[in-house]
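One file, coords.csv, carrying CSV, C-alpha atoms:
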```
chain,number,residue,atom,x,y,z
A,29,MET,CA,56.0,261.7,146.2
A,30,THR,CA,56.8,259.6,143.3
A,31,ASN,CA,57.2,262.7,141.1
A,32,SER,CA,59.7,264.4,143.4
A,33,SER,CA,62.0,261.4,143.7
A,34,SER,CA,62.2,260.9,140.0
A,35,SER,CA,63.1,264.5,139.3
A,36,LEU,CA,66.4,264.3,141.3
A,37,PRO,CA,69.6,264.3,139.2
A,38,GLN,CA,71.5,260.9,139.0
A,39,LYS,CA,75.1,260.2,138.0
A,40,LYS,CA,75.8,258.2,135.0
A,41,PRO,CA,77.6,255.1,135.9
A,42,LYS,CA,79.4,254.7,132.5
A,43,ASN,CA,81.2,258.1,132.6
A,44,GLY,CA,82.2,257.6,136.2
A,45,ALA,CA,83.7,254.2,135.5
A,46,LYS,CA,85.8,255.5,132.7
A,47,LYS,CA,87.3,258.3,134.7
A,48,VAL,CA,88.2,256.1,137.6
A,49,GLY,CA,89.9,253.6,135.2
A,50,LYS,CA,92.1,256.3,133.6
A,51,LYS,CA,93.2,257.5,137.1
A,52,THR,CA,94.1,254.1,138.2
A,53,GLU,CA,96.1,253.5,135.0
A,54,LYS,CA,98.1,256.7,135.5
A,55,LYS,CA,98.7,255.9,139.1
A,56,THR,CA,99.9,252.4,138.3
A,57,GLY,CA,102.0,253.7,135.4
A,58,LYS,CA,103.9,256.1,137.7
A,59,LYS,CA,104.5,253.4,140.3
A,60,THR,CA,105.7,250.6,138.1
A,61,GLY,CA,107.8,252.8,135.7
A,62,LYS,CA,107.5,254.0,132.2
A,63,LYS,CA,108.7,250.7,130.6
A,64,THR,CA,107.0,247.5,131.5
A,65,THR,CA,109.2,244.4,130.7
A,66,GLY,CA,107.0,241.9,132.4
A,67,LYS,CA,109.8,240.8,134.7
A,68,LYS,CA,109.4,241.1,138.4
A,69,LYS,CA,112.2,242.6,140.5
A,70,PRO,CA,113.7,240.2,142.9
A,71,THR,CA,113.0,241.0,146.5
A,72,SER,CA,115.3,240.3,149.4
A,73,SER,CA,113.2,237.3,150.4
A,74,ASP,CA,113.5,235.8,146.9
A,75,THR,CA,117.3,236.3,146.8
A,76,ALA,CA,117.8,234.6,150.2
A,77,PHE,CA,115.7,231.8,149.0
A,78,HIS,CA,117.7,231.1,145.9
A,79,LEU,CA,121.2,231.5,147.4
A,80,ALA,CA,120.6,229.4,150.5
A,81,THR,CA,121.9,225.8,150.4
A,82,PRO,CA,119.3,223.2,150.8
A,83,PRO,CA,119.3,221.5,154.2
A,84,PRO,CA,120.9,218.1,154.3
A,85,MET,CA,118.4,215.3,153.7
A,86,ALA,CA,118.5,212.2,155.7
A,87,SER,CA,119.5,209.2,153.6
A,88,PRO,CA,117.3,206.2,153.8
A,89,TYR,CA,120.4,204.0,153.5
A,90,GLY,CA,122.1,205.4,156.6
A,91,TYR,CA,125.1,207.0,154.9
A,92,GLU,CA,125.8,210.4,153.3
A,93,PRO,CA,125.8,211.0,149.6
A,94,ALA,CA,129.1,210.1,147.7
A,95,TYR,CA,129.5,213.6,146.2
A,96,ALA,CA,129.9,215.2,149.6
A,97,HIS,CA,133.4,213.6,150.1
A,98,VAL,CA,134.9,213.5,146.6
A,99,ALA,CA,137.8,215.8,147.4
A,100,HIS,CA,138.5,213.9,150.6
A,101,GLN,CA,138.5,210.6,148.7
A,102,ASN,CA,140.9,211.9,146.1
A,103,HIS,CA,143.3,213.1,148.8
A,104,GLY,CA,143.1,209.7,150.4
A,105,PHE,CA,143.9,207.9,147.1
A,106,GLU,CA,147.0,210.1,146.7
A,107,LYS,CA,148.2,209.3,150.2
A,108,SER,CA,147.6,205.6,149.7
A,109,GLY,CA,149.5,205.7,146.3
A,110,ASN,CA,152.5,207.5,147.9
A,111,ARG,CA,152.6,204.9,150.7
A,112,LYS,CA,152.5,202.0,148.2
A,113,GLY,CA,155.2,203.6,146.1
A,114,LYS,CA,157.5,204.1,149.2
A,115,GLY,CA,156.8,200.5,150.3
A,116,THR,CA,157.7,199.1,146.9
A,117,ALA,CA,160.9,201.1,146.8
A,118,ALA,CA,161.9,200.0,150.3
A,119,ALA,CA,161.2,196.4,149.3
A,120,VAL,CA,163.4,196.7,146.2
A,121,VAL,CA,166.2,198.3,148.2
A,122,CYS,CA,166.1,195.5,150.8
A,123,LEU,CA,166.1,192.8,148.1
A,124,THR,CA,169.0,194.5,146.3
A,125,VAL,CA,171.1,194.5,149.5
A,126,VAL,CA,170.3,190.8,150.1
A,127,PHE,CA,171.4,189.9,146.5
A,128,TYR,CA,174.5,191.9,147.0
A,129,LEU,CA,175.5,190.0,150.2
A,130,VAL,CA,174.6,186.6,148.6
A,131,ALA,CA,176.8,187.4,145.6
A,132,ILE,CA,179.7,188.3,147.8
A,133,VAL,CA,179.4,185.1,149.8
A,134,LEU,CA,179.1,183.0,146.7
A,135,GLY,CA,182.2,184.7,145.2
A,136,LEU,CA,184.2,184.0,148.3
A,137,ILE,CA,183.1,180.3,148.3
A,138,VAL,CA,184.1,179.9,144.7
A,139,MET,CA,187.4,181.6,145.1
A,140,THR,CA,188.4,179.8,148.3
A,141,SER,CA,187.3,176.3,147.5
A,142,CYS,CA,189.5,173.4,148.8
A,143,VAL,CA,191.0,175.5,151.6
A,144,TRP,CA,189.3,174.1,154.8
A,145,THR,CA,189.4,170.5,156.0
A,146,LYS,CA,185.7,170.5,156.9
A,147,ALA,CA,183.9,167.9,154.8
A,148,SER,CA,181.2,170.2,153.4
A,149,ALA,CA,184.0,172.7,152.4
A,150,ASN,CA,186.5,170.4,150.8
A,151,ASN,CA,183.8,168.8,148.7
A,152,ILE,CA,183.6,172.0,146.6
A,153,PHE,CA,186.4,171.6,144.1
A,154,LEU,CA,187.2,172.2,140.4
A,155,ALA,CA,188.7,168.8,139.6
A,156,GLU,CA,189.7,165.6,141.5
A,157,ILE,CA,192.5,163.2,140.7
A,158,SER,CA,192.0,159.8,142.5
A,159,THR,CA,193.3,156.3,142.6
A,160,ASN,CA,192.1,153.0,144.1
A,161,ALA,CA,195.1,150.8,143.4
A,162,THR,CA,196.1,150.0,147.0
A,163,SER,CA,194.2,152.6,149.0
A,164,ASP,CA,191.5,155.1,148.1
A,165,VAL,CA,193.4,158.3,147.8
A,166,SER,CA,192.3,161.5,146.1
A,167,LEU,CA,193.6,165.0,145.5
A,168,ARG,CA,191.0,167.8,145.0
A,169,ILE,CA,192.1,171.2,143.7
A,170,GLY,CA,190.5,174.7,143.7
A,171,TYR,CA,191.7,178.0,142.4
A,172,PHE,CA,194.1,178.4,145.3
A,173,GLY,CA,194.1,175.5,147.7
A,174,GLY,CA,194.1,171.7,147.5
A,175,CYS,CA,193.0,168.8,149.7
A,176,VAL,CA,194.2,165.2,149.9
A,177,SER,CA,192.1,162.5,151.4
A,178,ILE,CA,192.7,158.8,152.2
A,179,THR,CA,190.2,156.2,153.3
A,180,GLU,CA,191.8,153.7,155.7
A,181,ALA,CA,190.1,150.5,156.7
A,182,ALA,CA,189.9,149.9,160.5
A,183,GLU,CA,190.5,146.6,162.2
A,184,ILE,CA,187.8,144.0,162.2
A,185,THR,CA,185.9,143.8,165.4
A,186,SER,CA,184.8,140.7,167.4
A,187,ASP,CA,181.4,140.9,165.7
A,188,GLY,CA,183.0,140.6,162.3
A,189,ASN,CA,182.2,144.1,161.3
A,190,SER,CA,184.8,146.5,159.8
A,191,SER,CA,184.6,150.3,159.5
A,192,THR,CA,186.5,152.8,157.5
A,193,HIS,CA,187.9,156.2,158.4
A,194,THR,CA,188.7,159.1,156.1
A,195,TYR,CA,191.6,161.4,156.8
A,196,THR,CA,191.8,164.8,155.1
A,197,SER,CA,194.4,167.5,154.9
A,198,CYS,CA,194.2,170.8,153.0
A,199,VAL,CA,196.6,173.7,152.1
A,200,THR,CA,195.5,177.2,151.4
A,201,ASN,CA,198.0,177.9,148.6
A,202,MET,CA,199.3,175.4,146.1
A,203,HIS,CA,201.0,178.0,143.9
A,204,ARG,CA,204.5,177.2,145.1
A,205,SER,CA,207.6,176.4,143.4
A,206,ASP,CA,208.9,173.8,145.9
A,207,LEU,CA,206.9,170.6,145.2
A,208,ASN,CA,208.5,168.6,148.0
A,209,GLU,CA,207.6,171.1,150.6
A,210,LEU,CA,204.0,171.2,149.3
A,211,SER,CA,203.8,167.4,149.5
A,212,GLU,CA,205.0,167.4,153.1
A,213,ASP,CA,202.4,170.1,154.0
A,214,LEU,CA,199.7,167.8,152.6
A,215,TRP,CA,200.6,164.4,154.1
A,216,GLU,CA,202.1,165.4,157.5
A,217,PRO,CA,198.8,166.5,159.2
A,218,LEU,CA,197.1,163.2,158.3
A,219,LYS,CA,198.6,161.3,161.2
A,220,LEU,CA,197.9,157.9,159.8
A,221,ASN,CA,198.2,154.7,161.9
A,222,SER,CA,199.5,152.6,159.1
A,223,SER,CA,202.9,153.1,157.5
A,224,ALA,CA,201.7,151.4,154.4
A,225,ALA,CA,198.9,153.9,154.0
A,226,LEU,CA,201.4,156.7,154.6
A,227,SER,CA,203.6,155.3,151.9
A,228,ASP,CA,200.7,155.1,149.5
A,229,VAL,CA,199.8,158.8,150.1
A,230,GLN,CA,203.4,159.9,149.5
A,231,SER,CA,203.8,158.1,146.3
A,232,PHE,CA,200.4,159.3,145.1
A,233,LEU,CA,201.3,162.9,145.9
A,234,ASN,CA,204.6,162.7,144.1
A,235,THR,CA,202.7,161.6,140.9
A,236,THR,CA,199.7,163.9,141.1
A,237,ILE,CA,201.0,167.2,142.4
A,238,PRO,CA,202.8,168.2,139.1
A,239,GLN,CA,199.5,167.5,137.3
A,240,ALA,CA,197.5,169.5,139.8
A,241,LYS,CA,200.0,172.4,139.5
A,242,HIS,CA,199.6,172.3,135.8
A,243,LEU,CA,195.8,172.5,136.0
A,244,GLN,CA,196.0,175.5,138.4
A,245,ASP,CA,198.6,177.4,136.5
A,246,ASN,CA,197.5,176.8,132.9
A,247,VAL,CA,193.8,175.7,133.0
A,248,PHE,CA,191.9,177.2,136.0
A,249,PHE,CA,193.3,180.7,136.4
A,250,TYR,CA,192.6,182.3,139.8
A,251,GLN,CA,192.7,185.9,138.5
A,252,PRO,CA,189.2,186.1,137.0
A,253,PRO,CA,187.3,185.1,140.2
A,254,LEU,CA,189.6,187.2,142.4
A,255,ILE,CA,189.2,190.3,140.3
A,256,HIS,CA,185.4,189.7,140.0
A,257,VAL,CA,185.0,189.7,143.8
A,258,LEU,CA,187.0,192.9,144.1
A,259,LEU,CA,185.2,194.7,141.3
A,260,PHE,CA,181.7,193.6,142.4
A,261,PHE,CA,182.4,194.7,145.9
A,262,ILE,CA,183.5,198.1,144.8
A,263,SER,CA,180.9,198.7,142.2
A,264,GLY,CA,178.1,197.5,144.4
A,265,ILE,CA,179.1,200.0,147.2
A,266,MET,CA,179.4,202.8,144.6
A,267,LEU,CA,176.0,202.2,143.1
A,268,LEU,CA,174.3,201.9,146.5
A,269,VAL,CA,175.8,205.1,147.7
A,270,ALA,CA,175.0,206.9,144.4
A,271,ARG,CA,171.4,205.8,144.7
A,272,THR,CA,170.9,207.5,148.0
A,273,GLY,CA,171.6,211.0,146.6
A,274,ALA,CA,171.7,213.1,143.5
A,275,SER,CA,174.0,215.8,142.4
A,276,GLN,CA,174.8,217.8,139.3
A,277,ARG,CA,178.5,217.9,140.1
A,278,LYS,CA,181.0,216.5,137.6
A,279,SER,CA,182.5,214.3,140.3
A,280,TYR,CA,179.1,212.6,140.9
A,281,LYS,CA,178.6,212.0,137.2
A,282,ALA,CA,182.1,210.6,136.9
A,283,THR,CA,181.3,208.2,139.8
A,284,ILE,CA,178.2,207.0,138.0
A,285,VAL,CA,180.2,206.2,134.8
A,286,ILE,CA,183.0,204.5,136.8
A,287,SER,CA,180.6,202.3,138.7
A,288,ALA,CA,178.7,201.3,135.6
A,289,ALA,CA,182.0,200.3,133.9
A,290,LEU,CA,183.1,198.3,136.9
A,291,SER,CA,179.8,196.6,137.1
A,292,ALA,CA,180.1,195.5,133.4
A,293,PHE,CA,183.6,194.1,134.0
A,294,ALA,CA,182.4,192.3,137.2
A,295,LEU,CA,179.5,190.6,135.4
A,296,ALA,CA,181.8,189.7,132.5
A,297,LEU,CA,184.4,188.1,134.7
A,298,ALA,CA,181.8,186.0,136.5
A,299,LEU,CA,180.6,184.7,133.2
A,300,VAL,CA,184.2,184.1,132.0
A,301,THR,CA,184.9,182.2,135.2
A,302,ALA,CA,182.0,179.8,134.8
A,303,LEU,CA,182.5,179.3,131.1
A,304,GLY,CA,186.3,178.9,131.5
A,305,SER,CA,186.1,176.1,134.1
A,306,LEU,CA,183.3,174.4,132.1
A,307,GLN,CA,185.4,174.4,128.9
A,308,GLY,CA,188.6,173.3,130.6
A,309,LEU,CA,186.9,170.3,132.3
A,310,ASN,CA,185.2,169.3,129.0
A,311,ALA,CA,188.6,169.4,127.3
A,312,LEU,CA,190.3,167.4,130.1
A,313,LEU,CA,187.5,164.7,130.2
A,314,ASN,CA,187.3,164.7,126.4
A,315,SER,CA,183.5,164.7,126.7
A,316,SER,CA,180.5,167.1,127.0
A,317,VAL,CA,178.9,168.4,130.2
A,318,SER,CA,177.4,165.0,130.9
A,319,GLY,CA,180.8,163.3,131.3
A,320,ASP,CA,181.9,163.3,134.9
A,321,GLU,CA,185.1,161.1,135.0
A,322,MET,CA,187.9,159.9,132.8
A,323,ASP,CA,190.5,157.2,133.1
A,324,LEU,CA,194.1,158.5,132.9
A,325,GLY,CA,195.7,155.0,133.1
A,326,ASP,CA,197.6,153.2,135.8
A,327,SER,CA,194.4,153.3,138.0
A,328,PHE,CA,194.3,157.1,138.0
A,329,TYR,CA,191.1,158.9,137.3
A,330,ILE,CA,190.1,162.6,136.9
A,331,SER,CA,186.6,163.9,137.6
A,332,ARG,CA,184.8,167.2,137.6
A,333,GLY,CA,183.4,169.1,140.6
A,334,LYS,CA,179.7,169.4,140.0
A,335,ARG,CA,178.9,171.4,143.1
A,336,LEU,CA,181.4,174.2,142.2
A,337,GLU,CA,180.0,174.4,138.7
A,338,GLU,CA,176.5,174.9,140.1
A,339,LEU,CA,177.8,177.6,142.5
A,340,GLN,CA,179.6,179.4,139.6
A,341,TRP,CA,176.4,179.6,137.5
A,342,ALA,CA,174.4,180.6,140.6
A,343,LEU,CA,176.9,183.4,141.1
A,344,VAL,CA,176.3,184.6,137.5
A,345,GLY,CA,172.6,184.6,138.1
A,346,VAL,CA,172.7,186.5,141.4
A,347,VAL,CA,175.1,189.1,140.1
A,348,THR,CA,172.8,189.7,137.0
A,349,VAL,CA,169.7,190.1,139.2
A,350,PHE,CA,171.6,192.5,141.5
A,351,TYR,CA,172.5,194.8,138.6
A,352,LEU,CA,168.9,194.6,137.3
A,353,LEU,CA,167.6,195.6,140.6
A,354,MET,CA,170.0,198.5,140.8
A,355,GLY,CA,168.8,199.6,137.4
A,356,THR,CA,165.2,199.5,138.7
A,357,LEU,CA,166.2,201.7,141.6
A,358,PHE,CA,167.7,204.3,139.3
A,359,VAL,CA,164.7,204.2,137.0
A,360,GLN,CA,162.4,205.0,139.9
A,361,ARG,CA,164.2,208.3,140.2
A,362,ALA,CA,163.2,209.3,136.7
A,363,SER,CA,160.7,211.9,138.0
A,364,GLU,CA,163.6,213.5,139.9
A,365,GLY,CA,165.7,213.7,136.8
A,366,GLY,CA,167.9,210.6,137.6
A,367,VAL,CA,167.8,209.2,134.1
A,368,GLN,CA,168.7,212.6,132.5
A,369,MET,CA,171.5,212.9,135.0
A,370,ILE,CA,172.9,209.5,134.0
A,371,PHE,CA,172.8,210.5,130.3
A,372,GLN,CA,174.5,213.7,131.1
A,373,ALA,CA,177.2,211.8,133.0
A,374,PHE,CA,177.9,209.6,129.9
A,375,GLN,CA,178.0,212.8,127.8
A,376,TYR,CA,180.4,214.3,130.2
A,377,ALA,CA,182.6,211.2,130.0
A,378,GLY,CA,182.7,211.3,126.2
A,379,ALA,CA,183.4,215.1,126.0
A,380,PRO,CA,187.2,214.7,126.2
A,381,LEU,CA,187.2,212.1,123.4
A,382,LYS,CA,185.2,214.4,121.2
A,383,LYS,CA,187.6,217.3,121.8
A,384,ARG,CA,190.5,215.1,120.9
A,385,MET,CA,188.8,214.0,117.7
A,386,TRP,CA,187.9,217.5,116.7
A,387,GLY,CA,191.4,218.7,117.6
A,388,ARG,CA,193.0,216.2,115.3
A,389,ARG,CA,190.9,217.3,112.4
```
Entire entry expressed as structure tokens:
Amino acid sequence: MTNSSSSLPQKKPKNGAKKVGKKTEKKTGKKTGKKTTGKKKPTSSDTAFHLATPPPMASPYGYEPAYAHVAHQNHGFEKSGNRKGKGTAAAVVCLTVVFYLVAIVLGLIVMTSCVWTKASANNIFLAEISTNATSDVSLRIGYFGGCVSITEAAEITSDGNSSTHTYTSCVTNMHRSDLNELSEDLWEPLKLNSSAALSDVQSFLNTTIPQAKHLQDNVFFYQPPLIHVLLFFISGIMLLVARTGASQRKSYKATIVISAALSAFALALALVTALGSLQGLNALLNSSVSGDEMDLGDSFYISRGKRLEELQWALVGVVTVFYLLMGTLFVQRASEGGVQMIFQAFQYAGAPLKKRMWGRR
């Protein structure tokens, strides 16, 4: 039995293993391709895995990441910036209108000083001529009007106390040629109880009215404040209207140039009015700004009106601030081409002058 089992043929394991290995290599070579690069083709599952966005992760702090709302935050900043810019522009416009109205009121007060008999109004004057020889009488003058006042002592009461009463009369225009008529218009409305006081007023007016007329006609000219108010009123309206719109027409550019010229004249006249009255009073009082009164002789005195001087310089300041604010409003339109348009307007205004100069050559 042992001999028969050993005589059966057996396969060699080495040869069989080699043949199987070659077949597997050929089969794998056909399936994988001729060139093997070592890279694995991406499958559909792999592509889906890489392109998919990762699921949102819950933040331990209770809020979403900051990068998720960057675009929204920038848009919010732009809106808030636009709102702040519009709010600032509206505030500047309102402030400009307020300064415009205040300047007009101050100009009217300066021009119409010594016109009303109200105590707070007739205390605003350019100069005052007074006397205390027999009664306290004074004549205050403004650019147009004048006011006369007399302080009359009342009767002594049973308690031994005495009181005084001041009577005031004003005229709206002292630029008249008939001095007697002007004197009557001043003392008649006083309605004094004492004939002696009335006589004192009449004699005082006969002496001081020629001097007051000289001051109004030759020292304190009414033309500068009057023209200033008119030019400021017109130029302010033109600038405010021009600020509301923009146009490339020649008429609009001419309007900008005219309003700028009127503004310069208005500011210059306000400064001339304040400086002119200050220099005139300094010359009359023969002193500097600190001098308030001067003795003219025969118990007559001349003094300056401090309150009107303060109002005049306040007017200069308010007008200056108004034009600065208007310049700020026009500069805000630089992004819309406002500054370029203003330069073009001045070039357009200077074009005829250049043509004339070149024509002469």
- Skipping near chain neighbours, those fewer than 5 positions away, what residues fall within 9 Å of region 294-304 of chain A using all atoms listed in the file, listed as an MDAnalysis selection string? chainID A and resid 135 247:250 252:253 255:260 263 289 309 337 340:341 343:344 347:348 351
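Nearest residue to Ala155 (chain A), choosing from A:Cys175, A:Ile284, A:Leu136, A:Met266 and counting only C-alpha atoms: A:Cys175.
Of the residues under consideration (A:Ser163, A:Thr145, A:Leu123, A:Tyr171), A:Tyr171 shows the shortest atom-to-atom contact distance to Gln251 (chain A) when counting all atoms listed in the file.
Of the residues under consideration (A:Val285, A:Ile157, A:Ile237, A:Ala270), A:Ala270 shows the shortest atom-to-atom contact distance to Met354 (chain A) when counting all atoms listed in the file.
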Spatial neighbours of Arg204 (chain A), max dist 9 Å, all atoms listed in the file, sep filter under 5 positions, as a PDB file with C-alpha atoms, in the frame of the given file:
```pdb
ATOM      1  CA  GLU A 209     207.600 171.100 150.600  1.00  0.00           C
ATOM      2  CA  LEU A 210     204.000 171.200 149.300  1.00  0.00           C
ATOM      3  CA  LYS A 241     200.000 172.400 139.500  1.00  0.00           C
TER       4      LYS A 241
END
```
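We find CA of Leu134 (chain A) and CA of Val121 (chain A) to be spaced 20.1 Å apart.
Distances from A:Thr194, A:Ser223, A:Asn314, A:Ser231 to Ser211 (chain A) were compared using only C-alpha atoms, and the smallest one belongs to A:Ser231.
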- Counting all atoms listed in the file, select every polymer residue within 12 Å of (196.3, 153.3, 135.8) as defined in the file's coordinates, and provide the selection as JSON, numbers by chain. {"A": [157, 158, 159, 160, 161, 162, 232, 235, 322, 323, 324, 325, 326, 327, 328, 329, 330]}
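Residue nearest Gln239 (chain A), chosen from A:Ile286, A:Ala118, A:Ala224, A:Ile169 and counting all atoms listed in the file: A:Ile169.
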- Message: Taking only C-alpha atoms into account, name the residue in A:Ile152, A:Val143, A:Ala119, A:Ile132 that is nearest to Lys334 (chain A).
- Response: A:Ile152
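Atom pair CA of Asn234 (chain A) / CA of Arg332 (chain A) has a distance of 21.3 Å (rounded to one decimal).
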